[in-house]
$ cat entry.cif   # mmCIF, C-alpha atoms (C1' of nucleotides)
data_upload
loop_
_atom_site.label_atom_id
_atom_site.label_comp_id
_atom_site.auth_asym_id
_atom_site.auth_seq_id
_atom_site.Cartn_x
_atom_site.Cartn_y
_atom_site.Cartn_z
CA MET A 1 88.35 108.63 -113.32
CA ALA A 2 86.74 106.28 -115.80
CA THR A 3 85.91 103.42 -113.47
CA ASP A 4 84.58 105.22 -110.42
CA THR A 5 81.34 104.18 -108.79
CA SER A 6 79.08 106.47 -110.81
CA GLN A 7 80.45 105.03 -114.03
CA ARG A 8 80.03 101.48 -112.83
CA ILE A 9 76.43 102.23 -111.87
CA LEU A 10 75.85 103.66 -115.33
CA ASP A 11 77.44 100.61 -116.95
CA ILE A 12 75.11 98.24 -115.15
CA ALA A 13 72.04 100.43 -115.61
CA GLU A 14 72.82 100.78 -119.29
CA ARG A 15 72.88 97.05 -119.78
CA LEU A 16 69.62 96.69 -117.83
CA VAL A 17 67.82 99.34 -119.89
CA GLN A 18 69.10 97.86 -123.14
CA THR A 19 67.89 94.38 -122.22
CA ARG A 20 64.85 94.98 -120.00
CA GLY A 21 63.82 98.59 -120.54
CA PHE A 22 63.74 101.56 -118.18
CA ASN A 23 60.57 100.25 -116.51
CA GLY A 24 61.97 96.74 -116.40
CA PHE A 25 64.67 97.16 -113.78
CA SER A 26 65.01 98.63 -110.29
CA TYR A 27 67.69 100.08 -108.04
CA ALA A 28 67.69 96.69 -106.31
CA ASP A 29 68.91 95.07 -109.56
CA ILE A 30 71.84 97.47 -109.81
CA ALA A 31 72.62 97.12 -106.10
CA GLY A 32 72.69 93.34 -106.45
CA SER A 33 75.05 93.49 -109.42
CA LEU A 34 77.37 96.07 -107.89
CA LYS A 35 77.17 94.65 -104.35
CA VAL A 36 76.24 97.91 -102.70
CA THR A 37 72.96 98.95 -101.08
CA LYS A 38 70.15 100.77 -102.79
CA ALA A 39 70.75 103.78 -100.53
CA SER A 40 74.27 104.16 -101.95
CA LEU A 41 72.88 104.40 -105.43
CA HIS A 42 70.62 107.25 -104.40
CA TYR A 43 73.71 109.17 -103.28
CA HIS A 44 75.00 109.11 -106.86
CA PHE A 45 71.65 109.42 -108.61
CA PRO A 46 68.97 110.84 -106.26
CA ALA A 47 66.06 109.76 -108.44
CA LYS A 48 65.73 107.10 -111.12
CA ALA A 49 64.86 109.84 -113.60
CA ASP A 50 68.28 111.44 -112.95
CA LEU A 51 69.96 108.13 -113.64
CA GLY A 52 67.96 107.74 -116.83
CA GLN A 53 68.87 111.17 -118.09
CA ARG A 54 72.59 110.77 -117.40
CA LEU A 55 72.41 107.38 -119.09
CA ILE A 56 71.16 108.87 -122.34
CA GLU A 57 73.67 111.72 -122.22
CA ARG A 58 76.57 109.31 -121.86
CA TYR A 59 75.20 106.96 -124.49
CA GLU A 60 74.92 109.79 -126.99
CA ARG A 61 78.43 111.02 -126.23
CA ASN A 62 79.87 107.56 -126.81
CA PHE A 63 77.78 107.07 -129.94
CA LEU A 64 78.87 110.38 -131.44
CA ALA A 65 82.48 109.56 -130.60
CA ALA A 66 82.10 106.35 -132.63
CA LEU A 67 80.69 108.37 -135.53
CA GLU A 68 83.66 110.72 -135.36
CA LYS A 69 85.94 107.73 -135.64
CA ILE A 70 84.07 106.70 -138.77
CA ASP A 71 84.53 110.20 -140.17
CA ALA A 72 88.23 110.08 -139.36
CA SER A 73 88.62 106.83 -141.30
CA GLY A 74 88.51 108.80 -144.54
CA LYS A 75 86.47 106.06 -146.24
CA ASP A 76 83.76 106.88 -148.76
CA ALA A 77 80.14 107.47 -147.76
CA ARG A 78 79.08 103.96 -148.68
CA GLU A 79 81.64 102.44 -146.33
CA LYS A 80 80.71 104.94 -143.63
CA LEU A 81 77.11 103.75 -143.75
CA ARG A 82 78.27 100.14 -143.54
CA ARG A 83 80.20 100.99 -140.39
CA TYR A 84 77.21 102.87 -139.03
CA ALA A 85 75.07 99.75 -139.41
CA ALA A 86 77.88 97.67 -137.93
CA ILE A 87 77.56 99.61 -134.67
CA TYR A 88 73.96 98.47 -134.36
CA GLU A 89 74.98 94.93 -135.19
CA GLU A 90 77.56 94.86 -132.42
CA VAL A 91 75.01 96.07 -129.89
CA LEU A 92 72.62 93.34 -130.98
CA ARG A 93 75.37 90.75 -130.81
CA ALA A 94 75.69 91.63 -127.11
CA ASP A 95 71.98 90.72 -126.80
CA ARG A 96 71.10 94.36 -126.34
CA MET A 97 68.78 96.83 -128.00
CA CYS A 98 69.83 100.37 -128.86
CA LEU A 99 69.31 102.33 -125.63
CA CYS A 100 67.23 104.99 -127.33
CA GLY A 101 65.28 102.52 -129.45
CA MET A 102 64.28 100.88 -126.20
CA LEU A 103 63.31 104.21 -124.65
CA ALA A 104 61.32 105.16 -127.75
CA ALA A 105 59.01 102.24 -126.99
CA GLU A 106 58.63 103.41 -123.39
CA TYR A 107 58.15 107.01 -124.46
CA GLY A 108 54.66 107.23 -122.96
CA THR A 109 55.96 106.59 -119.44
CA LEU A 110 59.20 108.61 -119.48
CA PRO A 111 59.78 111.86 -117.57
CA LYS A 112 60.16 114.88 -119.83
CA PRO A 113 63.94 115.31 -119.43
CA MET A 114 64.47 111.76 -120.66
CA ARG A 115 62.12 112.30 -123.59
CA ASP A 116 64.04 115.38 -124.62
CA GLU A 117 67.45 113.69 -124.34
CA MET A 118 66.19 110.72 -126.32
CA ARG A 119 65.01 112.84 -129.22
CA HIS A 120 68.28 114.74 -129.09
CA PHE A 121 70.04 111.43 -129.73
CA PHE A 122 67.94 110.71 -132.79
CA ASP A 123 68.36 114.27 -134.04
CA ALA A 124 72.14 114.00 -133.75
CA ASN A 125 72.06 110.65 -135.57
CA GLU A 126 69.99 112.17 -138.33
CA ARG A 127 72.33 115.14 -138.73
CA TRP A 128 75.32 112.83 -139.11
CA LEU A 129 73.52 110.64 -141.62
CA VAL A 130 72.33 113.63 -143.62
CA ARG A 131 75.91 114.79 -143.96
CA VAL A 132 77.14 111.37 -145.07
CA LEU A 133 74.23 110.92 -147.47
CA GLN A 134 74.89 114.29 -149.09
CA GLU A 135 78.58 113.51 -149.31
CA GLY A 136 77.80 110.16 -150.94
CA ARG A 137 75.37 111.63 -153.42
CA LYS A 138 77.85 114.29 -154.43
CA ALA A 139 80.57 111.64 -154.91
CA LYS A 140 78.07 109.54 -156.89
CA VAL A 141 78.50 106.47 -154.66
CA LEU A 142 75.03 106.89 -153.13
CA ARG A 143 71.66 107.54 -154.67
CA PHE A 144 68.25 108.15 -153.11
CA SER A 145 64.97 109.90 -153.79
CA GLY A 146 63.51 112.58 -151.53
CA THR A 147 65.45 114.72 -149.11
CA PRO A 148 68.57 113.54 -147.28
CA ALA A 149 66.60 113.99 -144.03
CA GLU A 150 63.89 111.60 -145.22
CA ALA A 151 66.47 109.07 -146.30
CA ALA A 152 68.22 109.40 -142.94
CA GLN A 153 64.98 108.93 -140.99
CA THR A 154 64.15 105.89 -143.08
CA LEU A 155 67.53 104.37 -142.38
CA ILE A 156 67.36 104.99 -138.63
CA GLY A 157 63.85 103.56 -138.42
CA ALA A 158 64.72 100.51 -140.50
CA LEU A 159 67.77 99.68 -138.40
CA GLU A 160 66.03 100.27 -135.06
CA GLY A 161 63.01 98.22 -136.10
CA ALA A 162 65.02 95.38 -137.58
CA MET A 163 67.15 95.31 -134.47
CA MET A 164 64.19 95.10 -132.14
CA ILE A 165 62.52 92.27 -134.01
CA ALA A 166 65.74 90.35 -134.64
CA ARG A 167 66.46 90.45 -130.91
CA SER A 168 63.11 88.77 -130.24
CA TYR A 169 64.20 85.96 -132.52
CA GLY A 170 67.70 85.83 -131.06
CA ASP A 171 68.83 86.07 -134.67
CA VAL A 172 71.65 88.49 -135.51
CA ALA A 173 71.81 87.15 -139.08
CA ARG A 174 68.26 88.32 -139.60
CA PHE A 175 69.31 91.85 -138.69
CA LYS A 176 72.37 91.66 -140.89
CA ALA A 177 70.35 90.53 -143.91
CA VAL A 178 67.91 93.41 -143.47
CA GLY A 179 70.69 95.94 -142.87
CA ASP A 180 72.54 94.85 -146.01
CA ARG A 181 69.34 95.13 -148.05
CA VAL A 182 68.63 98.64 -146.80
CA LEU A 183 72.17 99.85 -147.51
CA GLU A 184 72.10 98.20 -150.91
CA GLY A 185 69.03 100.28 -151.74
CA LEU A 186 71.15 103.41 -151.32
CA ASN A 187 73.93 102.40 -153.72
CA ALA A 188 74.35 104.51 -156.83
CA MET B 189 28.81 88.82 -127.12
CA ALA B 190 31.23 91.42 -128.41
CA THR B 191 30.95 93.97 -125.60
CA ASP B 192 30.94 91.77 -122.52
CA THR B 193 33.24 92.52 -119.62
CA SER B 194 36.16 90.43 -120.84
CA GLN B 195 36.18 92.27 -124.14
CA ARG B 196 35.99 95.65 -122.46
CA ILE B 197 38.91 94.69 -120.25
CA LEU B 198 40.87 93.68 -123.31
CA ASP B 199 39.99 96.95 -125.06
CA ILE B 200 41.34 99.03 -122.19
CA ALA B 201 44.38 96.83 -121.64
CA GLU B 202 45.17 96.93 -125.35
CA ARG B 203 45.22 100.70 -125.36
CA LEU B 204 47.40 100.74 -122.25
CA VAL B 205 49.95 98.32 -123.70
CA GLN B 206 50.05 100.20 -126.99
CA THR B 207 50.70 103.51 -125.25
CA ARG B 208 52.61 102.56 -122.07
CA GLY B 209 53.86 99.02 -122.59
CA PHE B 210 53.06 95.79 -120.76
CA ASN B 211 55.25 96.81 -117.82
CA GLY B 212 53.83 100.32 -117.86
CA PHE B 213 50.31 99.64 -116.62
CA SER B 214 48.64 97.81 -113.76
CA TYR B 215 45.32 96.16 -112.99
CA ALA B 216 44.53 99.32 -111.02
CA ASP B 217 44.67 101.33 -114.25
CA ILE B 218 42.15 99.06 -115.95
CA ALA B 219 39.95 98.98 -112.86
CA GLY B 220 39.92 102.77 -112.75
CA SER B 221 38.95 103.04 -116.40
CA LEU B 222 36.29 100.35 -116.26
CA LYS B 223 35.01 101.32 -112.81
CA VAL B 224 35.27 97.87 -111.31
CA THR B 225 37.64 96.55 -108.65
CA LYS B 226 40.97 94.91 -109.30
CA ALA B 227 39.59 91.67 -107.85
CA SER B 228 36.95 91.51 -110.58
CA LEU B 229 39.63 91.67 -113.23
CA HIS B 230 41.34 88.64 -111.73
CA TYR B 231 38.11 86.68 -112.18
CA HIS B 232 38.36 87.20 -115.96
CA PHE B 233 42.16 87.04 -116.24
CA PRO B 234 43.69 85.28 -113.20
CA ALA B 235 47.20 86.55 -113.87
CA LYS B 236 48.52 89.49 -115.84
CA ALA B 237 50.39 87.06 -118.07
CA ASP B 238 47.04 85.48 -119.04
CA LEU B 239 45.69 88.89 -119.96
CA GLY B 240 48.80 89.61 -122.00
CA GLN B 241 48.56 86.36 -123.90
CA ARG B 242 44.87 86.78 -124.73
CA LEU B 243 45.64 90.34 -125.79
CA ILE B 244 48.12 89.24 -128.41
CA GLU B 245 45.84 86.44 -129.65
CA ARG B 246 42.98 88.86 -130.21
CA TYR B 247 45.25 91.49 -131.76
CA GLU B 248 46.58 88.96 -134.24
CA ARG B 249 43.08 87.74 -135.12
CA ASN B 250 41.92 91.28 -135.81
CA PHE B 251 45.06 92.09 -137.75
CA LEU B 252 44.76 89.00 -139.94
CA ALA B 253 41.09 89.82 -140.55
CA ALA B 254 42.18 93.22 -141.84
CA LEU B 255 44.69 91.53 -144.14
CA GLU B 256 41.96 89.24 -145.48
CA LYS B 257 39.90 92.31 -146.28
CA ILE B 258 42.83 93.65 -148.25
CA ASP B 259 43.06 90.36 -150.12
CA ALA B 260 39.34 90.48 -150.84
CA SER B 261 39.70 93.94 -152.39
CA GLY B 262 41.14 92.36 -155.53
CA LYS B 263 43.62 95.24 -155.91
CA ASP B 264 47.13 94.66 -157.21
CA ALA B 265 50.08 93.86 -154.93
CA ARG B 266 51.33 97.42 -154.94
CA GLU B 267 48.02 98.74 -153.64
CA LYS B 268 47.84 95.91 -151.11
CA LEU B 269 51.15 97.01 -149.62
CA ARG B 270 49.92 100.58 -149.49
CA ARG B 271 46.90 99.44 -147.50
CA TYR B 272 49.14 97.34 -145.29
CA ALA B 273 51.17 100.41 -144.39
CA ALA B 274 47.95 102.38 -143.94
CA ILE B 275 46.99 100.05 -141.08
CA TYR B 276 50.14 101.05 -139.21
CA GLU B 277 49.45 104.68 -139.95
CA GLU B 278 45.95 104.49 -138.48
CA VAL B 279 47.31 102.92 -135.28
CA LEU B 280 49.87 105.70 -134.99
CA ARG B 281 47.22 108.32 -135.65
CA ALA B 282 45.47 107.02 -132.52
CA ASP B 283 48.72 107.78 -130.62
CA ARG B 284 49.43 104.08 -130.28
CA MET B 285 52.29 101.78 -131.15
CA CYS B 286 51.75 98.40 -132.78
CA LEU B 287 50.97 96.07 -129.87
CA CYS B 288 53.63 93.57 -130.89
CA GLY B 289 56.20 96.23 -131.74
CA MET B 290 55.77 97.44 -128.20
CA LEU B 291 56.12 93.94 -126.78
CA ALA B 292 59.21 93.31 -128.91
CA ALA B 293 60.95 96.06 -126.96
CA GLU B 294 59.88 94.45 -123.68
CA TYR B 295 60.85 90.99 -124.88
CA GLY B 296 63.44 90.51 -122.14
CA THR B 297 60.81 90.75 -119.40
CA LEU B 298 57.92 88.85 -120.98
CA PRO B 299 56.70 85.41 -119.86
CA LYS B 300 57.33 82.69 -122.43
CA PRO B 301 53.72 82.31 -123.62
CA MET B 302 53.65 86.00 -124.54
CA ARG B 303 56.99 85.75 -126.32
CA ASP B 304 55.72 82.86 -128.40
CA GLU B 305 52.46 84.59 -129.30
CA MET B 306 54.32 87.74 -130.24
CA ARG B 307 56.62 85.95 -132.64
CA HIS B 308 53.62 84.13 -134.08
CA PHE B 309 52.17 87.54 -134.96
CA PHE B 310 55.32 88.57 -136.82
CA ASP B 311 55.52 85.18 -138.55
CA ALA B 312 51.94 85.52 -139.77
CA ASN B 313 52.67 89.05 -141.00
CA GLU B 314 55.71 87.83 -142.84
CA ARG B 315 53.79 84.98 -144.52
CA TRP B 316 51.14 87.39 -145.77
CA LEU B 317 53.74 89.83 -147.07
CA VAL B 318 55.72 87.06 -148.77
CA ARG B 319 52.60 86.03 -150.64
CA VAL B 320 51.83 89.60 -151.74
CA LEU B 321 55.45 90.26 -152.69
CA GLN B 322 55.58 87.12 -154.83
CA GLU B 323 52.28 88.01 -156.42
CA GLY B 324 53.55 91.52 -157.20
CA ARG B 325 56.83 90.30 -158.62
CA LYS B 326 55.02 87.84 -160.87
CA ALA B 327 52.66 90.58 -162.06
CA LYS B 328 55.68 92.85 -162.62
CA VAL B 329 54.33 95.62 -160.41
CA LEU B 330 56.90 94.96 -157.68
CA ARG B 331 60.62 94.39 -157.82
CA PHE B 332 63.12 93.52 -155.10
CA SER B 333 66.44 91.78 -154.63
CA GLY B 334 66.95 88.84 -152.31
CA THR B 335 64.26 86.46 -151.13
CA PRO B 336 60.64 87.50 -150.56
CA ALA B 337 61.15 86.61 -146.89
CA GLU B 338 64.04 89.05 -146.59
CA ALA B 339 62.05 91.77 -148.31
CA ALA B 340 59.11 91.08 -145.99
CA GLN B 341 61.28 91.23 -142.87
CA THR B 342 62.80 94.48 -144.09
CA LEU B 343 59.38 95.99 -144.62
CA ILE B 344 58.05 94.92 -141.21
CA GLY B 345 61.13 96.22 -139.45
CA ALA B 346 61.10 99.52 -141.32
CA LEU B 347 57.44 100.17 -140.54
CA GLU B 348 57.71 99.16 -136.88
CA GLY B 349 60.85 101.22 -136.38
CA ALA B 350 59.53 104.27 -138.18
CA MET B 351 56.33 104.03 -136.19
CA MET B 352 58.10 103.89 -132.87
CA ILE B 353 60.31 106.88 -133.56
CA ALA B 354 57.56 108.93 -135.20
CA ARG B 355 55.43 108.41 -132.11
CA SER B 356 58.17 109.91 -129.96
CA TYR B 357 58.02 113.01 -132.13
CA GLY B 358 54.22 113.03 -132.20
CA ASP B 359 54.63 113.25 -135.96
CA VAL B 360 52.46 111.03 -138.14
CA ALA B 361 53.69 112.79 -141.28
CA ARG B 362 57.19 111.60 -140.48
CA PHE B 363 55.96 108.01 -140.49
CA LYS B 364 54.04 108.53 -143.70
CA ALA B 365 57.06 109.97 -145.49
CA VAL B 366 59.19 107.00 -144.46
CA GLY B 367 56.47 104.49 -145.32
CA ASP B 368 56.02 105.98 -148.78
CA ARG B 369 59.76 105.88 -149.38
CA VAL B 370 60.00 102.23 -148.38
CA LEU B 371 57.08 101.20 -150.58
CA GLU B 372 58.47 103.24 -153.46
CA GLY B 373 61.65 101.19 -153.24
CA LEU B 374 59.62 98.09 -154.07
CA ASN B 375 58.02 99.44 -157.23
CA ALA B 376 58.91 97.72 -160.50
"C1'" DG C 377 30.48 88.17 -111.38
"C1'" DT C 378 31.52 91.63 -108.36
"C1'" DC C 379 32.60 93.14 -104.00
"C1'" DT C 380 35.67 94.07 -99.38
"C1'" DA C 381 39.62 93.03 -97.26
"C1'" DT C 382 44.08 91.67 -97.11
"C1'" DA C 383 48.25 89.15 -97.89
"C1'" DG C 384 53.02 89.33 -99.34
"C1'" DG C 385 56.13 91.44 -102.03
"C1'" DT C 386 58.69 95.16 -104.43
"C1'" DG C 387 58.96 99.93 -106.03
"C1'" DG C 388 61.56 104.52 -105.34
"C1'" DA C 389 63.15 107.32 -101.87
"C1'" DT C 390 64.83 109.38 -97.16
"C1'" DA C 391 67.03 109.91 -92.30
"C1'" DG C 392 70.77 109.52 -89.80
"C1'" DA C 393 74.86 106.74 -87.98
"C1'" DC C 394 79.51 105.64 -89.29
"C1'" DG D 395 80.39 107.42 -99.65
"C1'" DT D 396 78.33 103.61 -97.76
"C1'" DC D 397 75.70 101.63 -94.40
"C1'" DT D 398 71.08 100.15 -91.53
"C1'" DA D 399 66.61 101.02 -90.94
"C1'" DT D 400 62.46 102.52 -92.39
"C1'" DC D 401 58.51 104.84 -94.96
"C1'" DC D 402 54.79 104.62 -97.89
"C1'" DA D 403 52.90 103.85 -102.23
"C1'" DC D 404 52.06 100.48 -105.38
"C1'" DC D 405 52.13 95.84 -107.30
"C1'" DT D 406 50.00 91.08 -108.35
"C1'" DA D 407 47.16 87.95 -106.41
"C1'" DT D 408 43.85 85.43 -103.19
"C1'" DA D 409 40.00 84.43 -99.71
"C1'" DG D 410 35.54 84.62 -98.88
"C1'" DA D 411 31.02 87.27 -98.46
"C1'" DC D 412 27.21 88.72 -101.33
#
$ encode --input "entry.cif" --output "structure tokens"
Amino acid sequence: MATDTSQRILDIAERLVQTRGFNGFSYADIAGSLKVTKASLHYHFPAKADLGQRLIERYERNFLAALEKIDASGKDAREKLRRYAAIYEEVLRADRMCLCGMLAAEYGTLPKPMRDEMRHFFDANERWLVRVLQEGRKAKVLRFSGTPAEAAQTLIGALEGAMMIARSYGDVARFKAVGDRVLEGLNA
Amino acid sequence: MATDTSQRILDIAERLVQTRGFNGFSYADIAGSLKVTKASLHYHFPAKADLGQRLIERYERNFLAALEKIDASGKDAREKLRRYAAIYEEVLRADRMCLCGMLAAEYGTLPKPMRDEMRHFFDANERWLVRVLQEGRKAKVLRFSGTPAEAAQTLIGALEGAMMIARSYGDVARFKAVGDRVLEGLNA
DNA sequence: GTCTATAGGTGGATAGAC
DNA sequence: GTCTATCCACCTATAGAC
């Protein structure tokens, strides 16, 4: 079911990674929040690296599901990009960083399976953006120089970076202003 | 002098923070690299938070010195921005993240003095960029919508974000492509 | 300034009862 | 599945000799 113990552990761990980083929390933090012992957590996720990996997998699934909802909206590419940026904004509004943006900073300390999952998330993001960018260019609502992949990578980097800095200032408006500027630069 | 023990400690700690994060290294790591004991390190920096704070202060001083050198070059605003981005690129080429970009991710776990110093770094960056952007707009070599502050924040975020993701892919060219694109968008 | 030694705490992880 | 109890490695930090 959707609210079993494993899922609740993932919910709490997800919030901890998004606010404090993978190296910034411990099983004791989760145990305290969930009111179980650390040993119980190890039953569900033997090692912290397992927990981390499952965390990214679930995050990507949920993220891609949100992108599919955007696709299903039938809106034009410009509006799709606005909704893409709005996802980031909502995460930031919850005082969180993007899970994978956070892990990108900690890349040097992550076990290989987590590194691979993290890049898979960014690759999937890029593929979706490339499709929307091409669609928008064809429909003449978007315009950009270089390849769609370069434009997609620029957009992802700009949003992740703006998000990270805006969070340090506790200033969602700062992120929104930057996001609007970046999207504006893609308008035909 | 410039190579006394304190400075050597800061050199090693700086590299560690830029590659592994502030929560990703310990005094034992520095001690191992410098071949002294952990206790000696505490003589120079009583607490890790002190080390972290002094690290940011020195990083900002060095960074601002590099920006002054760019100013002294007498080049136009467009070239100044290119050299600004080139600083990031050189850091990435050394397999490092920007010190403060790294700390921005760890913001939720940092002691207040480090948070304040970190934001001071970004504020100083923004002030320098605002000046160059205004200069470039006046000279008609740069063009951008919105306020210079918004354009500066967008640029900082885009470079920091692109840097962080490119590092996860071990791909400096990826950063360079994004950086060029972002600068191109500011050309008059 | 650097050392040895150690305190006091927390980290991830396991064994085995229930 | 969850618990108690425990292990051992590591962490930051300090005391005090040299």
$ closest_residue --input "entry.cif" --among "A:Arg20, A:Arg143, A:Lys38, A:His120" --to "Ala292 (chain B)" --atoms "all atoms listed in the file"
A:Arg20
$ interface_residues --input "entry.cif" --of "chain C" --to "chain A" --cutoff "10 Å" --atoms "all atoms listed in the file" --output "number ranges by chain"
C: 386-390
$ atom_distance --input "entry.cif" --atom1 "CA of Ala350 (chain B)" --atom2 "CA of Leu155 (chain A)"
9.0 Å
$ axis_aligned_box --input "entry.cif" --around "region 379-387 of chain C" --padding-each-side "6 Å" --output "AutoDock Vina command-line options"
--center_x 45.8 --center_y 94.5 --center_z -101.6 --size_x 38.4 --size_y 22.8 --size_z 20.9
$ residues_around --input "entry.cif" --residues "Arg93 (chain A)" --least-positions-apart "5" --cutoff "12 Å" --atoms "all atoms listed in the file" --output "number ranges by chain"
A: 19, 86-88, 98, 163, 166-167, 170-176
$ closest_residue --input "entry.cif" --among "A:Thr37, A:Ser73, A:Asn62, A:Gln153" --to "chain D" --atoms "all atoms listed in the file"
A:Thr37
$ atom_distance --input "entry.cif" --atom1 "CA of Tyr43 (chain A)" --atom2 "CA of Gly212 (chain B)"
26.2 Å
$ atom_distance --input "entry.cif" --atom1 "CA of Arg242 (chain B)" --atom2 "CA of Asp199 (chain B)"
11.3 Å
$ interface_residues --input "entry.cif" --of "chain D" --to "chain A" --cutoff "10 Å" --atoms "only C-alpha atoms (C1' of nucleotides)" --output "NGL selection string"
:D and (395-398)
$ closest_residue --input "entry.cif" --among "B:Phe213, B:Trp316, B:Tyr247, B:Tyr272" --to "chain A" --atoms "all atoms listed in the file"
B:Phe213
$ interface_residues --input "entry.cif" --of "chain B" --to "chain A" --cutoff "9 Å" --atoms "all atoms listed in the file" --output "count of residues only"
48
$ resolve_selection --input "entry.cif" --expression "the PyMOL selection byres ((chain B and resi 244) around 8)" --output "list in words"
Gly240, Gln241, Arg242, Leu243, Glu245, Arg246, Tyr247, Glu248, Leu287, Cys288, Met302, Glu305, Met306 and Phe309 of chain B
$ resolve_selection --input "entry.cif" --expression "the PyMOL selection byres ((chain C and resi 384) around 12)" --output "PyMOL selection string"
(chain C and resi 382-383+385-386) or (chain D and resi 405-408)
$ resolve_selection --input "entry.cif" --expression "the PyMOL selection byres ((chain B and resi 319-322) around 12)" --output "ChimeraX atom specification"
/B:255-256,258-259,262-272,312-318,323-341,343,371,374-376
$ write_last_selection --input "entry.cif" --atoms "C-alpha atoms" --output "mmCIF file, in the frame of the given file"
data_model
loop_
_atom_site.group_PDB
_atom_site.id
_atom_site.type_symbol
_atom_site.label_atom_id
_atom_site.label_comp_id
_atom_site.auth_asym_id
_atom_site.auth_seq_id
_atom_site.Cartn_x
_atom_site.Cartn_y
_atom_site.Cartn_z
ATOM 1 C CA LEU B 255 44.690 91.530 -144.140
ATOM 2 C CA GLU B 256 41.960 89.240 -145.480
ATOM 3 C CA ILE B 258 42.830 93.650 -148.250
ATOM 4 C CA ASP B 259 43.060 90.360 -150.120
ATOM 5 C CA GLY B 262 41.140 92.360 -155.530
ATOM 6 C CA LYS B 263 43.620 95.240 -155.910
ATOM 7 C CA ASP B 264 47.130 94.660 -157.210
ATOM 8 C CA ALA B 265 50.080 93.860 -154.930
ATOM 9 C CA ARG B 266 51.330 97.420 -154.940
ATOM 10 C CA GLU B 267 48.020 98.740 -153.640
ATOM 11 C CA LYS B 268 47.840 95.910 -151.110
ATOM 12 C CA LEU B 269 51.150 97.010 -149.620
ATOM 13 C CA ARG B 270 49.920 100.580 -149.490
ATOM 14 C CA ARG B 271 46.900 99.440 -147.500
ATOM 15 C CA TYR B 272 49.140 97.340 -145.290
ATOM 16 C CA ALA B 312 51.940 85.520 -139.770
ATOM 17 C CA ASN B 313 52.670 89.050 -141.000
ATOM 18 C CA GLU B 314 55.710 87.830 -142.840
ATOM 19 C CA ARG B 315 53.790 84.980 -144.520
ATOM 20 C CA TRP B 316 51.140 87.390 -145.770
ATOM 21 C CA LEU B 317 53.740 89.830 -147.070
ATOM 22 C CA VAL B 318 55.720 87.060 -148.770
ATOM 23 C CA GLU B 323 52.280 88.010 -156.420
ATOM 24 C CA GLY B 324 53.550 91.520 -157.200
ATOM 25 C CA ARG B 325 56.830 90.300 -158.620
ATOM 26 C CA LYS B 326 55.020 87.840 -160.870
ATOM 27 C CA ALA B 327 52.660 90.580 -162.060
ATOM 28 C CA LYS B 328 55.680 92.850 -162.620
ATOM 29 C CA VAL B 329 54.330 95.620 -160.410
ATOM 30 C CA LEU B 330 56.900 94.960 -157.680
ATOM 31 C CA ARG B 331 60.620 94.390 -157.820
ATOM 32 C CA PHE B 332 63.120 93.520 -155.100
ATOM 33 C CA SER B 333 66.440 91.780 -154.630
ATOM 34 C CA GLY B 334 66.950 88.840 -152.310
ATOM 35 C CA THR B 335 64.260 86.460 -151.130
ATOM 36 C CA PRO B 336 60.640 87.500 -150.560
ATOM 37 C CA ALA B 337 61.150 86.610 -146.890
ATOM 38 C CA GLU B 338 64.040 89.050 -146.590
ATOM 39 C CA ALA B 339 62.050 91.770 -148.310
ATOM 40 C CA ALA B 340 59.110 91.080 -145.990
ATOM 41 C CA GLN B 341 61.280 91.230 -142.870
ATOM 42 C CA LEU B 343 59.380 95.990 -144.620
ATOM 43 C CA LEU B 371 57.080 101.200 -150.580
ATOM 44 C CA LEU B 374 59.620 98.090 -154.070
ATOM 45 C CA ASN B 375 58.020 99.440 -157.230
ATOM 46 C CA ALA B 376 58.910 97.720 -160.500
#
